[in-house]
Amino acid sequence: MVRSSSLFRPLFPTSSRAESRRVGEILRTETTGGVLLVVAAAVALLWANSPWADGYFALRDVRVGYEPWHLDLTLGQWAADGLLAVFFFMVGLELKREFVAGDLRRFSTAIVPVVAALGGVAVPALVYVAVTSGTPDAARGWAIPTATDIAFAVAVLAIIGSHLPSALRIFLLTLAVVDDLVAIAIIAIFYTDSIDVIPLLLAALVIVAYGVIAQRYRRLFRLHASAAWLILLPIGFVAWALVHASGVHATIAGVLLGFTIPVLHRRAAHEDESGPGLAEIFEHRFRPLSSAIAVPVFAFFSAGVAIGGLEGWLSALGDPVVLGIILGLIVGKPIGIAVATWAVTRVRRIDLDPSLQWIDIIGVGLLAGIGFTVSLLVAELSFDVADPHHDQAKVAILTASVGAAVLASALLGLRNRRYRKNAAT
């Protein structure tokens with residue numbers, strides 16, 4: 001039974017105007033990015049299944065780069081390893097801001113979204129393993145249905161959730177931030193086959209130097225936007241190239257570089273350097289680069305798979321890998337998030353806001369089942385291009401993401417009409 005005290009009021013103070021403005025800005029930007037992401041993926045999918053499909057695959061496989069530096073990569077690899085590092089740099093900035101000055105800085109405010117995110121990772125993985133248990137070589141893809149695409153999910157929420165409580169929106173954003181952190185850890189730990197120690201040590205030194213410069217000259221980078229491009233970008237590229245050469249997935253470099261950017265804590269609000277911290281400034285400056293260029297280009301080169309029409313799609317649905325991913329995202333995600341949230345609220349004696357129902361949490365769980373960008377990346381890492389599971393996993397991700405978006409839209413659309421009716425009366 002839902003009592004009168006609030007789950008989200010102490011965890012996510014909805015009365016904070018600054019927090020509301022920040023959430024609104026993220027929603028607007030991510031909505032645009034989500035639309036571009038969908039458009040890029042749709043163009044790639046149509047092209048890859050058209051009479052001109054050879055042109056798409058030839059473009060994706062064009063090699064560019066310098067081999068002695070281990071950078072002789074295809075355009076598809078540059079998008080996955082290079083451009084997506086920009087996206088993970090933004091994730092690193094957001095994670096640091098949340099842990100230093102945001103909702104995750106205190107245990108009491110972090111416990112619910114952290115546990116919910118862990119439930120949303122563990123249950124889909126278990127569903128996938130159970131479905132694919134009898135399929136050889138399928139186990140490597142266990143992490144594919146564990147990710148959440150924040151741009152796609154927030155875009156759907158912004159379109160259908162005009163009257164949903166802001167606490168629900170903030171819960172989704174915070175949940176997705178923790179989900180990204182878990183995905184980063186999974187990529188770093190489980191998808192690194194071998195490590196070359198010398199490039200990794202050199203990368204660590206370069207990242208430290210990057211952080212020292214960012215900390216020491218934060219005022220310069222705050223006041224002059226070009227300084228970051230002229231000073232930090234070249235250093236960051238060297239760090240990225242060294243991480244790539246070490247065998248660790250290069251996107252991890254983006255996260256580590258993001259972690260080094262200083263965050264101004266709220267307690268310094270009345271000091272000489274009050275105002276937005278450098279992490280917040282960088283997030284504002286560079287988010288369009290991530291949302292409008294890096295992620296859509298990655299989606300364009302990654303989502304193009306030859307399905308073979310309706311017959312090919314129906315045939316793919318019989319593959320345990322495809323079923324495991326679809327069930328993991330559409331069924332495992334909402335169950336994992338809802339059950340984990342229920343369990344932690346019972347243990348911690350925290351209750352839902354009176355205006356919310358558990359059906360709303362299930363709706364957010366369905367939104368979290370949109371595992372587009374990071375799931376595609378994990379699919380790239382899980383299965384070799386020559387492996388039939390490579391394309392089948394992508395078909396499953398696309399199918400599950402669309403299915404989760406449709407189901408979440410239907411459920412939260414009904415809830416949105418209910419909240420709109422309540423607001424009117």
# chains A, B, ... in the order shown; residues from 1 in each chain; ligands from 1

$ residues_around --residues "region 214-218 of chain A" --least-positions-apart "2" --cutoff "7 Å" --atoms "only C-alpha atoms" --output "list in words"
Tyr210, Gly211, Val212, Leu220, Phe221, Arg222, Ile261, Pro262 and Leu278 of chain A

$ write_last_selection --atoms "C-alpha atoms" --output "PDB file, in the first residue's frame"
ATOM      1  CA  TYR A 210      45.046  16.362 -18.991  1.00  0.00           C
ATOM      2  CA  GLY A 211      43.360  16.533 -15.593  1.00  0.00           C
ATOM      3  CA  VAL A 212      46.097  18.694 -14.045  1.00  0.00           C
ATOM      4  CA  LEU A 220      40.972  29.924 -18.916  1.00  0.00           C
ATOM      5  CA  PHE A 221      38.772  27.095 -20.200  1.00  0.00           C
ATOM      6  CA  ARG A 222      35.663  28.650 -18.659  1.00  0.00           C
ATOM      7  CA  ILE A 261      37.179  17.807 -15.329  1.00  0.00           C
ATOM      8  CA  PRO A 262      36.594  19.797 -12.119  1.00  0.00           C
ATOM      9  CA  LEU A 278      33.866  23.497 -15.675  1.00  0.00           C
TER      10      LEU A 278
END

$ residues_around --residues "region 283-289 of chain A" --least-positions-apart "3" --cutoff "8 Å" --atoms "only C-alpha atoms" --output "list in words"
Thr29, Gly33, Val86, Met90, Leu93, Glu94, Ala279, Glu280, Ala292, Ile293 and Ala294 of chain A

$ closest_residue --among "A:Ala139, A:Pro145, A:Ala368, A:Gly324" --to "Val178 (chain A)" --atoms "only C-alpha atoms"
A:Ala368

$ atom_distance --atom1 "CA of Phe237 (chain A)" --atom2 "CA of Leu84 (chain A)"
12.9 Å

$ residues_around --residues "Asp137 (chain A)" --least-positions-apart "6" --cutoff "10 Å" --atoms "only C-alpha atoms" --output "ChimeraX atom specification"
/A:321,382-383,387,389

$ residues_around --residues "Gly134 (chain A)" --least-positions-apart "4" --cutoff "9 Å" --atoms "only C-alpha atoms" --output "count of residues only"
3

$ select_by_dssp --residues "region 29-145 of chain A" --states "strand (DSSP E or B)" --output "JSON, numbers by chain"
{"A": [63, 64, 73, 74]}
